[in-house]
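> Contents of data.txt (compact mmCIF, C-alpha atoms) are below:
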# COMPACT_ATOMS: atom_id res chain seq x y z
CA MET A 1 -48.41 120.58 -27.38
CA LYS A 2 -50.17 118.53 -24.72
CA ASP A 3 -49.53 119.99 -21.30
CA PHE A 4 -47.35 118.13 -18.82
CA GLU A 5 -45.95 118.42 -15.33
CA TYR A 6 -42.45 119.90 -15.32
CA SER A 7 -39.89 119.27 -12.63
CA ALA A 8 -36.22 120.18 -12.35
CA PRO A 9 -34.68 118.03 -9.60
CA ASP A 10 -31.23 118.99 -8.39
CA ASP A 11 -30.12 115.53 -7.41
CA LEU A 12 -29.77 112.23 -9.21
CA GLN A 13 -31.85 110.16 -6.79
CA THR A 14 -34.91 112.37 -7.13
CA ALA A 15 -34.59 112.31 -10.91
CA THR A 16 -34.34 108.53 -11.17
CA ALA A 17 -37.20 108.11 -8.70
CA LEU A 18 -39.40 110.35 -10.86
CA LEU A 19 -38.44 108.49 -14.02
CA ALA A 20 -39.06 105.12 -12.36
CA GLU A 21 -42.40 106.24 -10.96
CA HIS A 22 -43.73 107.54 -14.26
CA GLY A 23 -42.05 105.11 -16.66
CA GLU A 24 -43.19 105.61 -20.24
CA ARG A 25 -45.18 108.71 -19.30
CA ALA A 26 -41.98 110.61 -18.44
CA ARG A 27 -39.37 112.15 -20.69
CA VAL A 28 -35.97 113.59 -19.86
CA LEU A 29 -35.23 117.19 -20.88
CA ALA A 30 -31.64 118.30 -21.35
CA GLY A 31 -31.07 120.81 -24.17
CA GLY A 32 -34.53 120.26 -25.57
CA THR A 33 -33.49 120.62 -29.19
CA ASP A 34 -34.82 117.18 -30.11
CA ILE A 35 -37.44 116.44 -27.44
CA ILE A 36 -39.32 119.74 -27.65
CA VAL A 37 -39.74 119.35 -31.40
CA GLN A 38 -40.90 115.75 -30.94
CA LEU A 39 -43.41 116.68 -28.22
CA ARG A 40 -44.73 119.56 -30.32
CA GLU A 41 -45.14 117.41 -33.43
CA GLY A 42 -46.69 114.51 -31.52
CA LEU A 43 -43.79 112.16 -32.35
CA CYS A 44 -43.57 111.40 -28.67
CA SER A 45 -45.73 112.07 -25.68
CA ALA A 46 -45.05 112.99 -22.06
CA ASP A 47 -47.16 113.64 -19.00
CA PHE A 48 -44.02 114.38 -16.98
CA VAL A 49 -40.93 116.18 -18.16
CA VAL A 50 -37.87 115.88 -15.96
CA ASP A 51 -35.36 118.67 -16.58
CA VAL A 52 -31.92 117.26 -15.78
CA LYS A 53 -29.83 120.41 -16.19
CA ASN A 54 -29.61 121.06 -12.44
CA ILE A 55 -28.10 117.71 -11.50
CA PRO A 56 -24.38 118.18 -10.78
CA GLU A 57 -23.26 114.82 -12.19
CA LEU A 58 -24.99 115.55 -15.50
CA MET A 59 -23.45 119.00 -15.76
CA ALA A 60 -19.90 117.77 -15.13
CA LEU A 61 -17.18 118.58 -17.64
CA ASP A 62 -13.95 117.32 -16.22
CA TYR A 63 -10.85 116.66 -18.27
CA ARG A 64 -7.60 115.61 -16.68
CA ALA A 65 -4.48 114.49 -18.44
CA LYS A 66 -3.90 110.77 -17.73
CA GLN A 67 -7.53 110.37 -16.62
CA GLY A 68 -9.46 111.38 -19.67
CA LEU A 69 -12.80 113.14 -19.92
CA THR A 70 -15.90 112.86 -17.78
CA LEU A 71 -18.67 114.43 -19.80
CA GLY A 72 -22.01 114.99 -18.07
CA ALA A 73 -24.96 114.02 -20.20
CA SER A 74 -26.51 117.49 -20.09
CA THR A 75 -23.44 119.57 -20.92
CA SER A 76 -23.95 121.53 -24.10
CA CYS A 77 -21.98 121.35 -27.35
CA SER A 78 -20.82 124.93 -26.87
CA GLN A 79 -19.49 124.16 -23.40
CA LEU A 80 -17.46 121.37 -25.00
CA TYR A 81 -15.85 123.47 -27.69
CA GLU A 82 -15.23 126.38 -25.35
CA HIS A 83 -13.16 124.08 -23.14
CA PRO A 84 -9.47 124.82 -23.76
CA ASP A 85 -8.17 121.25 -23.91
CA LEU A 86 -10.77 119.14 -25.66
CA ALA A 87 -10.04 120.19 -29.24
CA THR A 88 -6.55 118.76 -28.84
CA ALA A 89 -7.56 115.64 -26.93
CA TYR A 90 -10.77 114.68 -28.77
CA PRO A 91 -10.78 116.62 -32.04
CA ALA A 92 -13.46 114.48 -33.73
CA LEU A 93 -15.88 115.20 -30.90
CA ILE A 94 -15.23 118.93 -31.14
CA ASP A 95 -15.55 118.80 -34.95
CA ALA A 96 -19.02 117.33 -34.43
CA ALA A 97 -20.06 119.66 -31.59
CA ARG A 98 -19.29 122.68 -33.79
CA ILE A 99 -21.51 121.58 -36.67
CA ILE A 100 -24.65 120.26 -35.01
CA GLY A 101 -27.35 122.68 -36.18
CA GLY A 102 -26.25 126.24 -35.68
CA TRP A 103 -24.98 128.31 -32.80
CA GLN A 104 -28.43 128.60 -31.21
CA ILE A 105 -28.71 124.81 -31.14
CA GLN A 106 -25.18 124.26 -29.84
CA THR A 107 -25.71 126.46 -26.77
CA ARG A 108 -28.41 124.02 -25.65
CA ALA A 109 -27.99 120.64 -27.36
CA SER A 110 -26.03 118.05 -25.37
CA VAL A 111 -23.82 115.17 -26.48
CA GLY A 112 -25.71 112.96 -24.02
CA GLY A 113 -28.97 113.98 -25.64
CA ASN A 114 -27.54 113.37 -29.11
CA LEU A 115 -26.67 109.83 -28.00
CA CYS A 116 -30.02 109.21 -26.27
CA ASN A 117 -31.98 110.50 -29.26
CA SER A 118 -30.17 107.68 -31.08
CA SER A 119 -30.53 108.91 -34.61
CA PRO A 120 -28.34 106.85 -36.96
CA ALA A 121 -27.23 110.22 -38.37
CA ALA A 122 -26.14 111.71 -35.03
CA ASP A 123 -22.92 113.65 -35.50
CA THR A 124 -21.37 113.14 -32.06
CA ILE A 125 -21.80 109.36 -31.91
CA PRO A 126 -19.05 108.32 -34.38
CA PRO A 127 -16.54 110.48 -32.44
CA LEU A 128 -17.68 108.84 -29.20
CA LEU A 129 -17.18 105.44 -30.80
CA VAL A 130 -13.68 106.07 -32.14
CA HIS A 131 -12.67 107.50 -28.77
CA GLU A 132 -14.07 104.38 -27.03
CA ALA A 133 -16.52 106.25 -24.81
CA THR A 134 -18.30 104.45 -21.98
CA CYS A 135 -21.81 105.33 -20.81
CA LEU A 136 -22.69 105.50 -17.12
CA ILE A 137 -26.39 104.80 -16.71
CA GLN A 138 -28.29 105.23 -13.45
CA GLY A 139 -31.55 103.56 -12.53
CA GLN A 140 -33.40 103.06 -9.28
CA ALA A 141 -31.83 99.64 -8.86
CA GLY A 142 -28.32 100.94 -9.32
CA SER A 143 -25.91 101.96 -12.03
CA ARG A 144 -24.36 100.22 -15.00
CA GLU A 145 -21.68 100.97 -17.55
CA ILE A 146 -21.81 100.08 -21.19
CA PRO A 147 -19.62 100.97 -24.15
CA ALA A 148 -21.13 103.70 -26.34
CA SER A 149 -20.80 101.24 -29.22
CA GLU A 150 -23.56 99.13 -27.64
CA PHE A 151 -25.87 101.99 -26.72
CA CYS A 152 -27.92 102.46 -29.90
CA THR A 153 -30.03 99.52 -31.03
CA GLY A 154 -32.00 100.98 -33.92
CA PRO A 155 -33.28 104.30 -35.31
CA GLY A 156 -34.36 106.25 -32.24
CA GLN A 157 -33.85 103.20 -30.02
CA ASN A 158 -31.32 102.44 -27.34
CA VAL A 159 -30.65 100.27 -24.32
CA LEU A 160 -32.09 102.68 -21.75
CA GLN A 161 -34.93 101.05 -19.80
CA PRO A 162 -37.85 103.04 -18.34
CA GLY A 163 -36.57 104.73 -15.20
CA GLU A 164 -32.96 104.86 -16.43
CA LEU A 165 -30.96 108.00 -17.03
CA LEU A 166 -27.68 108.52 -18.87
CA VAL A 167 -25.47 110.30 -16.35
CA THR A 168 -22.02 110.68 -17.86
CA LEU A 169 -19.85 109.64 -20.76
CA GLN A 170 -16.32 108.65 -19.98
CA LEU A 171 -13.64 109.07 -22.65
CA PRO A 172 -10.21 107.58 -21.95
CA GLU A 173 -7.11 109.72 -22.17
CA PRO A 174 -5.94 109.72 -25.79
CA ALA A 175 -2.80 107.76 -26.63
CA ALA A 176 0.42 109.48 -27.64
CA ASN A 177 0.84 110.17 -31.38
CA SER A 178 -2.89 109.89 -32.00
CA SER A 179 -5.62 112.16 -33.26
CA SER A 180 -9.06 112.05 -34.79
CA ALA A 181 -11.46 113.90 -37.07
CA TYR A 182 -15.16 113.93 -37.97
CA GLU A 183 -16.68 115.05 -41.23
CA ARG A 184 -20.14 114.77 -42.73
CA PHE A 185 -21.69 115.43 -46.13
CA ILE A 186 -24.70 117.75 -46.22
CA PRO A 187 -26.45 119.61 -49.04
CA ARG A 188 -25.93 123.11 -47.59
CA ASN A 189 -22.93 124.43 -45.66
CA GLU A 190 -24.46 124.14 -42.22
CA MET A 191 -27.60 123.11 -40.36
CA ASP A 192 -28.46 119.88 -42.20
CA ILE A 193 -28.67 116.31 -40.98
CA ALA A 194 -25.78 114.17 -42.21
CA VAL A 195 -26.32 112.33 -45.48
CA ALA A 196 -23.28 110.36 -44.35
CA GLY A 197 -20.63 111.02 -41.72
CA ALA A 198 -17.31 109.48 -40.73
CA ALA A 199 -15.07 109.72 -37.69
CA SER A 200 -11.52 108.37 -37.85
CA TRP A 201 -8.96 107.93 -35.14
CA ILE A 202 -5.37 106.84 -35.81
CA GLN A 203 -2.29 106.29 -33.71
CA LEU A 204 1.14 106.37 -35.31
CA ASP A 205 4.25 104.62 -34.11
CA ALA A 206 7.22 106.52 -32.71
CA SER A 207 8.66 107.11 -36.18
CA GLY A 208 5.45 108.80 -37.26
CA GLN A 209 5.43 106.84 -40.51
CA THR A 210 3.39 103.76 -39.66
CA ILE A 211 -0.13 103.35 -38.33
CA GLU A 212 -0.17 101.41 -35.11
CA GLU A 213 -3.90 101.47 -34.42
CA ALA A 214 -7.01 102.90 -36.04
CA ARG A 215 -10.75 103.17 -35.48
CA ILE A 216 -13.40 104.34 -37.94
CA ALA A 217 -17.10 104.94 -37.31
CA LEU A 218 -19.84 105.93 -39.73
CA ALA A 219 -23.06 107.92 -39.39
CA ALA A 220 -26.29 107.79 -41.39
CA VAL A 221 -25.42 104.67 -43.36
CA ALA A 222 -27.08 101.98 -41.25
CA ALA A 223 -29.83 101.54 -38.67
CA THR A 224 -27.39 102.70 -36.00
CA PRO A 225 -24.00 104.42 -36.08
CA VAL A 226 -21.53 101.68 -37.03
CA MET A 227 -17.86 100.94 -36.69
CA ALA A 228 -15.97 100.08 -39.84
CA THR A 229 -13.90 97.46 -38.10
CA GLU A 230 -12.48 95.72 -41.18
CA ALA A 231 -11.34 99.06 -42.64
CA ALA A 232 -9.75 100.13 -39.36
CA GLU A 233 -7.95 96.83 -38.80
CA SER A 234 -6.60 96.94 -42.33
CA LEU A 235 -4.65 100.06 -41.42
CA ARG A 236 -2.59 98.44 -38.67
CA GLY A 237 1.03 98.33 -39.65
CA LYS A 238 0.41 100.22 -42.89
CA PRO A 239 2.25 103.41 -43.85
CA ALA A 240 0.29 106.57 -43.07
CA THR A 241 -0.27 107.53 -46.70
CA ALA A 242 -3.09 108.44 -49.03
CA GLU A 243 -2.84 104.99 -50.62
CA SER A 244 -3.46 103.25 -47.29
CA PHE A 245 -6.33 105.60 -46.59
CA ALA A 246 -7.86 104.89 -50.00
CA GLU A 247 -7.77 101.16 -49.31
CA ALA A 248 -9.39 101.72 -45.93
CA GLY A 249 -12.01 103.90 -47.59
CA GLU A 250 -12.95 101.07 -49.93
CA LEU A 251 -13.24 98.65 -47.04
CA ALA A 252 -15.33 101.14 -45.05
CA LYS A 253 -18.02 100.76 -47.68
CA ASN A 254 -18.58 97.21 -46.50
CA ALA A 255 -19.67 98.46 -43.08
CA ALA A 256 -22.47 100.51 -44.62
CA SER A 257 -25.98 99.30 -45.30
CA PRO A 258 -27.74 102.59 -46.07
CA ILE A 259 -31.23 103.28 -47.30
CA SER A 260 -32.28 105.65 -50.06
CA ASP A 261 -34.35 108.50 -48.64
CA MET A 262 -35.01 112.17 -49.22
CA ARG A 263 -31.44 113.05 -48.25
CA GLY A 264 -29.71 110.75 -50.68
CA THR A 265 -29.52 107.39 -52.39
CA ALA A 266 -27.97 104.29 -50.88
CA GLU A 267 -25.39 104.26 -53.68
CA TYR A 268 -24.31 107.82 -52.98
CA ARG A 269 -24.06 107.16 -49.26
CA VAL A 270 -21.83 104.15 -49.89
CA HIS A 271 -19.64 106.33 -52.09
CA LEU A 272 -19.52 108.99 -49.35
CA CYS A 273 -18.31 106.43 -46.80
CA SER A 274 -15.12 106.04 -48.75
CA VAL A 275 -14.60 109.75 -49.38
CA LEU A 276 -15.30 110.81 -45.79
CA THR A 277 -13.22 107.99 -44.33
CA GLN A 278 -10.24 109.06 -46.43
CA ARG A 279 -10.70 112.74 -45.59
CA THR A 280 -10.96 112.15 -41.84
CA LEU A 281 -7.97 109.80 -41.84
CA ALA A 282 -5.97 112.46 -43.65
CA ARG A 283 -7.19 115.16 -41.26
CA ALA A 284 -6.28 113.05 -38.22
CA LEU A 285 -2.82 112.47 -39.67
CA ALA A 286 -2.35 116.19 -40.35
CA ARG A 287 -3.31 116.92 -36.75
CA ILE A 288 -0.74 114.46 -35.41
CA GLN A 289 1.92 116.03 -37.63
CA GLU A 290 0.95 119.58 -36.60
CA ALA A 291 1.16 118.59 -32.95
CA GLY A 292 4.56 117.03 -33.46
CA SER A 293 6.08 120.01 -35.24
CA MET B 1 -55.69 124.30 -19.34
CA GLY B 2 -52.78 123.17 -17.23
CA THR B 3 -51.52 124.58 -13.99
CA LYS B 4 -49.39 127.68 -14.32
CA GLN B 5 -46.18 128.53 -12.52
CA LEU B 6 -44.54 131.83 -11.71
CA VAL B 7 -41.18 132.51 -13.30
CA SER B 8 -38.79 135.30 -12.28
CA THR B 9 -36.28 136.53 -14.81
CA THR B 10 -34.38 139.58 -15.89
CA ILE B 11 -35.37 140.71 -19.38
CA ASN B 12 -33.33 143.43 -21.10
CA GLY B 13 -31.89 144.40 -17.76
CA GLU B 14 -35.22 144.71 -15.95
CA PRO B 15 -36.64 142.21 -13.46
CA ARG B 16 -39.76 140.65 -15.01
CA GLN B 17 -42.09 137.94 -13.82
CA PHE B 18 -44.59 135.95 -15.79
CA ILE B 19 -46.81 132.93 -15.31
CA CYS B 20 -47.05 130.19 -17.87
CA GLU B 21 -48.03 126.57 -18.47
CA ALA B 22 -45.25 124.02 -18.63
CA ARG B 23 -45.79 123.47 -22.35
CA GLN B 24 -45.39 127.14 -23.31
CA SER B 25 -42.13 127.94 -25.05
CA LEU B 26 -40.08 130.99 -24.16
CA LEU B 27 -41.02 132.34 -27.60
CA GLU B 28 -44.72 132.08 -26.76
CA VAL B 29 -44.20 133.57 -23.33
CA LEU B 30 -42.13 136.52 -24.53
CA ARG B 31 -44.65 137.39 -27.23
CA ASP B 32 -47.95 136.56 -25.52
CA GLU B 33 -47.33 136.99 -21.79
CA VAL B 34 -44.58 139.60 -21.61
CA GLY B 35 -45.61 141.50 -24.73
CA LEU B 36 -42.19 141.55 -26.38
CA THR B 37 -43.15 140.70 -29.93
CA GLY B 38 -39.75 141.37 -31.49
CA CYS B 39 -38.75 137.71 -31.62
CA LYS B 40 -40.69 135.91 -34.33
CA GLU B 41 -42.04 132.43 -34.94
CA GLY B 42 -40.62 131.32 -38.28
CA CYS B 43 -40.58 127.55 -38.00
CA ASN B 44 -41.17 126.64 -34.36
CA ASN B 45 -38.63 123.81 -34.61
CA GLY B 46 -35.19 125.35 -34.30
CA ASN B 47 -34.33 125.67 -37.98
CA CYS B 48 -34.72 129.34 -38.87
CA GLY B 49 -33.48 131.42 -35.92
CA ALA B 50 -36.20 134.07 -36.24
CA CYS B 51 -36.97 133.44 -32.57
CA SER B 52 -33.36 133.92 -31.42
CA VAL B 53 -32.83 135.63 -28.08
CA LEU B 54 -29.86 135.68 -25.73
CA LEU B 55 -30.16 133.50 -22.64
CA ASP B 56 -27.46 134.37 -20.11
CA GLY B 57 -25.65 136.00 -23.01
CA GLN B 58 -25.81 133.01 -25.35
CA PRO B 59 -27.97 132.79 -28.48
CA VAL B 60 -30.80 130.26 -28.24
CA ASN B 61 -33.87 129.41 -30.29
CA SER B 62 -36.59 130.54 -27.89
CA CYS B 63 -38.99 128.10 -29.55
CA LEU B 64 -36.85 125.29 -28.12
CA VAL B 65 -36.77 126.56 -24.53
CA PHE B 66 -39.71 126.20 -22.17
CA GLY B 67 -40.77 129.31 -20.26
CA LEU B 68 -40.24 127.42 -17.02
CA GLU B 69 -36.58 126.79 -17.86
CA VAL B 70 -35.55 130.45 -17.59
CA ASP B 71 -36.29 131.07 -13.91
CA GLY B 72 -33.44 133.08 -12.48
CA LYS B 73 -31.86 133.70 -15.88
CA GLU B 74 -31.15 136.79 -17.98
CA ILE B 75 -32.77 137.28 -21.33
CA THR B 76 -31.92 139.82 -24.00
CA THR B 77 -34.32 140.42 -26.87
CA ILE B 78 -34.20 142.79 -29.85
CA GLU B 79 -36.04 145.34 -27.73
CA GLY B 80 -33.00 145.47 -25.46
CA ILE B 81 -30.39 146.08 -28.12
CA ALA B 82 -30.74 149.87 -28.50
CA GLN B 83 -29.40 151.62 -25.41
CA GLY B 84 -30.33 155.07 -24.07
CA GLY B 85 -32.42 155.87 -27.12
CA GLU B 86 -29.47 155.19 -29.45
CA PHE B 87 -29.30 152.46 -32.06
CA HIS B 88 -26.64 149.81 -31.62
CA ALA B 89 -24.02 149.84 -34.38
CA LEU B 90 -25.65 146.71 -35.81
CA GLN B 91 -29.05 148.37 -36.10
CA GLN B 92 -27.54 151.45 -37.72
CA CYS B 93 -25.54 149.37 -40.19
CA PHE B 94 -28.57 147.21 -41.05
CA LEU B 95 -30.61 150.32 -41.84
CA GLU B 96 -27.88 152.11 -43.76
CA GLY B 97 -26.93 148.94 -45.62
CA ALA B 98 -30.53 147.98 -46.48
CA ALA B 99 -29.89 144.63 -44.83
CA LEU B 100 -33.58 143.87 -44.45
CA GLN B 101 -36.68 143.67 -46.66
CA CYS B 102 -39.64 142.12 -44.84
CA GLY B 103 -37.68 142.25 -41.60
CA ILE B 104 -38.98 139.08 -40.03
CA CYS B 105 -35.53 137.50 -39.70
CA THR B 106 -33.93 140.77 -38.59
CA PRO B 107 -34.43 140.63 -34.82
CA GLY B 108 -32.95 137.13 -34.74
CA PHE B 109 -29.98 138.18 -36.87
CA ILE B 110 -29.25 141.29 -34.83
CA VAL B 111 -29.45 139.54 -31.46
CA THR B 112 -27.20 136.68 -32.62
CA ALA B 113 -24.77 138.98 -34.42
CA LYS B 114 -24.51 141.12 -31.30
CA ALA B 115 -23.47 138.08 -29.27
CA LEU B 116 -20.89 137.28 -31.95
CA LEU B 117 -19.43 140.77 -32.23
CA ASP B 118 -19.35 141.26 -28.46
CA GLU B 119 -17.03 138.25 -28.32
CA ASN B 120 -15.18 138.88 -31.56
CA PRO B 121 -15.72 142.26 -33.22
CA GLY B 122 -13.00 141.45 -35.75
CA ALA B 123 -14.78 138.31 -36.97
CA SER B 124 -14.04 137.53 -40.62
CA GLU B 125 -16.71 137.15 -43.27
CA GLU B 126 -16.30 133.38 -43.10
CA GLU B 127 -16.64 133.32 -39.32
CA ILE B 128 -19.71 135.55 -39.48
CA ARG B 129 -21.40 133.38 -42.10
CA PHE B 130 -20.64 130.26 -40.06
CA GLN B 131 -21.83 131.68 -36.73
CA LEU B 132 -25.02 133.07 -38.32
CA ALA B 133 -25.84 129.81 -40.10
CA GLY B 134 -28.73 129.31 -37.70
CA ASN B 135 -30.47 132.45 -38.98
CA LEU B 136 -32.30 132.09 -42.29
CA CYS B 137 -33.49 134.90 -44.56
CA ARG B 138 -35.85 134.51 -47.52
CA CYS B 139 -35.64 138.06 -48.83
CA THR B 140 -32.15 139.46 -48.98
CA GLY B 141 -29.88 136.67 -50.17
CA TYR B 142 -27.74 137.32 -47.05
CA ASP B 143 -25.06 139.46 -48.68
CA LYS B 144 -26.24 142.81 -47.34
CA ILE B 145 -26.77 141.25 -43.91
CA ILE B 146 -23.20 139.97 -43.81
CA ARG B 147 -21.80 143.32 -45.00
CA ALA B 148 -23.80 145.13 -42.29
CA VAL B 149 -22.50 142.79 -39.59
CA MET B 150 -18.93 143.23 -40.81
CA LYS B 151 -19.30 147.01 -40.87
CA ALA B 152 -20.77 147.02 -37.36
CA GLY B 153 -17.91 144.82 -36.21
CA GLU B 154 -15.36 147.26 -37.60
CA GLN B 155 -17.07 150.13 -35.83
CA MET B 156 -17.24 148.22 -32.55
CA ALA B 157 -13.58 147.27 -32.80
CA GLU B 158 -12.66 150.91 -33.49
CA THR B 159 -14.71 152.12 -30.52
CA ALA B 160 -13.07 149.54 -28.29
CA ALA B 161 -9.61 150.55 -29.47
CA SER B 162 -10.14 154.29 -28.94
Go ahead and render the structure in this file as structure tokens.

Amino acid sequence: MKDFEYSAPDDLQTATALLAEHGERARVLAGGTDIIVQLREGLCSADFVVDVKNIPELMALDYRAKQGLTLGASTSCSQLYEHPDLATAYPALIDAARIIGGWQIQTRASVGGNLCNSSPAADTIPPLLVHEATCLIQGQAGSREIPASEFCTGPGQNVLQPGELLVTLQLPEPAANSSSAYERFIPRNEMDIAVAGAASWIQLDASGQTIEEARIALAAVAATPVMATEAAESLRGKPATAESFAEAGELAKNAASPISDMRGTAEYRVHLCSVLTQRTLARALARIQEAGS
Amino acid sequence: MGTKQLVSTTINGEPRQFICEARQSLLEVLRDEVGLTGCKEGCNNGNCGACSVLLDGQPVNSCLVFGLEVDGKEITTIEGIAQGGEFHALQQCFLEGAALQCGICTPGFIVTAKALLDENPGASEEEIRFQLAGNLCRCTGYDKIIRAVMKAGEQMAETAAS
């Protein structure tokens, strides 16, 4: 690996100043589970590495009922799933955090980093999308907020400009009678990158029989993570049954435009969209029912 | 060669200092600067777990941590698992259960399994397999490793109960 200058600022201003000063020659280091591999393999290059794990805003993990979740960009997957409330409030996100790599990855890898690495196959992004996460981005000129759904622009590409830093993700408080789930297909049992992944979120009406609202997002089947909007909208007003989920699964296929690569064919990925959509819808429903009983 | 910085840590309960370049991983530093060669380089990209150590009690791939990141932190390596000249239950069970052949994955497995059993000595086979998914073995086919971890867990739970 080419040597670099390492710094670990403990405040946001210093960090953004460093990133602005060095522009393309600087890289942000959170968990390191993507960036260190990329630096070592020459897939990216840095003369300055800015470690952002000492900045309080990026290490925040604050969940309050009625306010939702403020998730610092550097907080690790294991910190997320060790939190007592998040599995109930944002189950899809916890599903994903538990299956990224293995335990040794999860103690370091961050959701913010997963988003900023912007792989179309990222496991935590579909859960962020179905939970309508917002990104708070800080630059020297000031801060801006954008929906997570607009963050990724292509494989490995996102809206961050040189000098900008993802600070926090904001997830709104989940609605009553709602839940979510994330599932992916991989060749082994653990450790692999998703061949396809799906996150589903549904909200039932007071009777618990009818779907009031739904959101579905897919991983690894397009140039970015995508929302299956048509499939989700088709569920509104439908009974919460396997038949409705099967119809949504079919429609989810339309949101996919996968490639064939070493992990799988385009045809198989399209097929998986339907299967995983149905499974995660069913899992979300089961979670709502378990919570109600 | 780049500039080097001084790092102060606690390794296996002892204060240790080392100097390293920014680009040196904790794996490199532990093996080449500190002389603790128990953790192994299997893949150097976070896939195999042969480099696993505990950082502030949590398993990490030391190939994916820079030496400079561990200033002020506590590290446990395989060399710190046996205490007072006595094998840890895991080490004893691995030996008695023939849970190793070439042994290159073994330090990573033992260190990670220790973190698991410290938290949850009664972990089920399924939980153990899931939590150890980040440790790969080419020799044993995993079965004897899992049995050894389960046996060590039972012993640790018994010791805790008595």
> Do me a favour and pick out the residues of chain A within 8 Å of chain B, using all atoms listed in the file, as an mmCIF file with C-alpha atoms, in the coordinates of the input.

data_model
loop_
_atom_site.group_PDB
_atom_site.id
_atom_site.type_symbol
_atom_site.label_atom_id
_atom_site.label_comp_id
_atom_site.auth_asym_id
_atom_site.auth_seq_id
_atom_site.Cartn_x
_atom_site.Cartn_y
_atom_site.Cartn_z
ATOM 1 C CA MET A 1 -48.410 120.580 -27.380
ATOM 2 C CA LYS A 2 -50.170 118.530 -24.720
ATOM 3 C CA ASP A 3 -49.530 119.990 -21.300
ATOM 4 C CA PHE A 4 -47.350 118.130 -18.820
ATOM 5 C CA GLU A 5 -45.950 118.420 -15.330
ATOM 6 C CA TYR A 6 -42.450 119.900 -15.320
ATOM 7 C CA GLY A 32 -34.530 120.260 -25.570
ATOM 8 C CA THR A 33 -33.490 120.620 -29.190
ATOM 9 C CA ILE A 36 -39.320 119.740 -27.650
ATOM 10 C CA VAL A 37 -39.740 119.350 -31.400
ATOM 11 C CA GLY A 101 -27.350 122.680 -36.180
ATOM 12 C CA GLY A 102 -26.250 126.240 -35.680
ATOM 13 C CA TRP A 103 -24.980 128.310 -32.800
ATOM 14 C CA GLN A 104 -28.430 128.600 -31.210
ATOM 15 C CA ILE A 105 -28.710 124.810 -31.140
ATOM 16 C CA THR A 107 -25.710 126.460 -26.770
ATOM 17 C CA ARG A 108 -28.410 124.020 -25.650
ATOM 18 C CA GLU A 190 -24.460 124.140 -42.220
ATOM 19 C CA MET A 191 -27.600 123.110 -40.360
#
> CA of Pro126 in chain A to CA of Lys66 in chain A: how many Å, to one decimal?
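Between CA of Pro126 in chain A and CA of Lys66 in chain A the gap is 22.6 Å.
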> Write out as an mmCIF file with C-alpha atoms, in the coordinates of the input the residues lying within 10 Å of range 102-104 of chain B, counting all atoms listed in the file and excluding same-chain residues fewer than 5 positions away.

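Final output, selection09.cif:
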data_model
loop_
_atom_site.group_PDB
_atom_site.id
_atom_site.type_symbol
_atom_site.label_atom_id
_atom_site.label_comp_id
_atom_site.auth_asym_id
_atom_site.auth_seq_id
_atom_site.Cartn_x
_atom_site.Cartn_y
_atom_site.Cartn_z
ATOM 1 C CA GLY B 38 -39.750 141.370 -31.490
ATOM 2 C CA CYS B 39 -38.750 137.710 -31.620
ATOM 3 C CA LYS B 40 -40.690 135.910 -34.330
ATOM 4 C CA GLU B 41 -42.040 132.430 -34.940
ATOM 5 C CA GLY B 42 -40.620 131.320 -38.280
ATOM 6 C CA ALA B 50 -36.200 134.070 -36.240
ATOM 7 C CA CYS B 51 -36.970 133.440 -32.570
ATOM 8 C CA PHE B 109 -29.980 138.180 -36.870
ATOM 9 C CA LEU B 136 -32.300 132.090 -42.290
ATOM 10 C CA CYS B 137 -33.490 134.900 -44.560
ATOM 11 C CA ARG B 138 -35.850 134.510 -47.520
ATOM 12 C CA CYS B 139 -35.640 138.060 -48.830
ATOM 13 C CA THR B 140 -32.150 139.460 -48.980
#
> Compile the contact shell of Gly154 in chain A as a PyMOL selection string: residues with an atom at most 12 Å away, counting all atoms listed in the file, same-chain residues fewer than 2 positions apart removed.
chain A and resi 115-121+150-152+156-159+220+222-226
> Measuring between only C-alpha atoms, which one of A:Ala255, A:Cys44, A:Leu235, A:Val270 shows the shortest distance to Ile211 in chain A?
A:Leu235
> Record the distance separating CA of Val221 in chain A and CA of Asp192 in chain A, expressed in Å with one decimal.
15.6 Å
> To one decimal place in Å, what is the distance between CA of Glu154 in chain B and CA of Ser124 in chain B?
10.3 Å
> Given the choices A:Asn54, A:Thr229, A:Thr88, A:Gln140, which gets closest to Ser74 in chain A if the distance is worked out from only C-alpha atoms?
A:Asn54
> Can you list, as a list in words, every protein, DNA or RNA residue that comes within 7 Å of Gln138 in chain A when you count only C-alpha atoms, leaving out same-chain residues fewer than 2 positions away?
Leu136, Gln140, Gly142, Ser143, Arg144, Glu164, Leu165, Leu166 and Val167 of chain A
> Would you list the contacts of Pro9 in chain A as a ChimeraX atom specification, taking every protein, DNA or RNA residue within 7 Å and counting only C-alpha atoms, but skipping same-chain residues closer than 6 positions in sequence?
/A:15,52,54-55
> Give, as lines of an AutoDock Vina configuration file, the centre coordinates and the x, y and z edge lengths in Å to one decimal for an axis-aligned box around all listed atoms of range 51-64 of chain A, padded by 4 Å on each side.

center_x = -21.5
center_y = 117.9
center_z = -14.5
size_x = 35.8
size_y = 14.2
size_z = 15.5
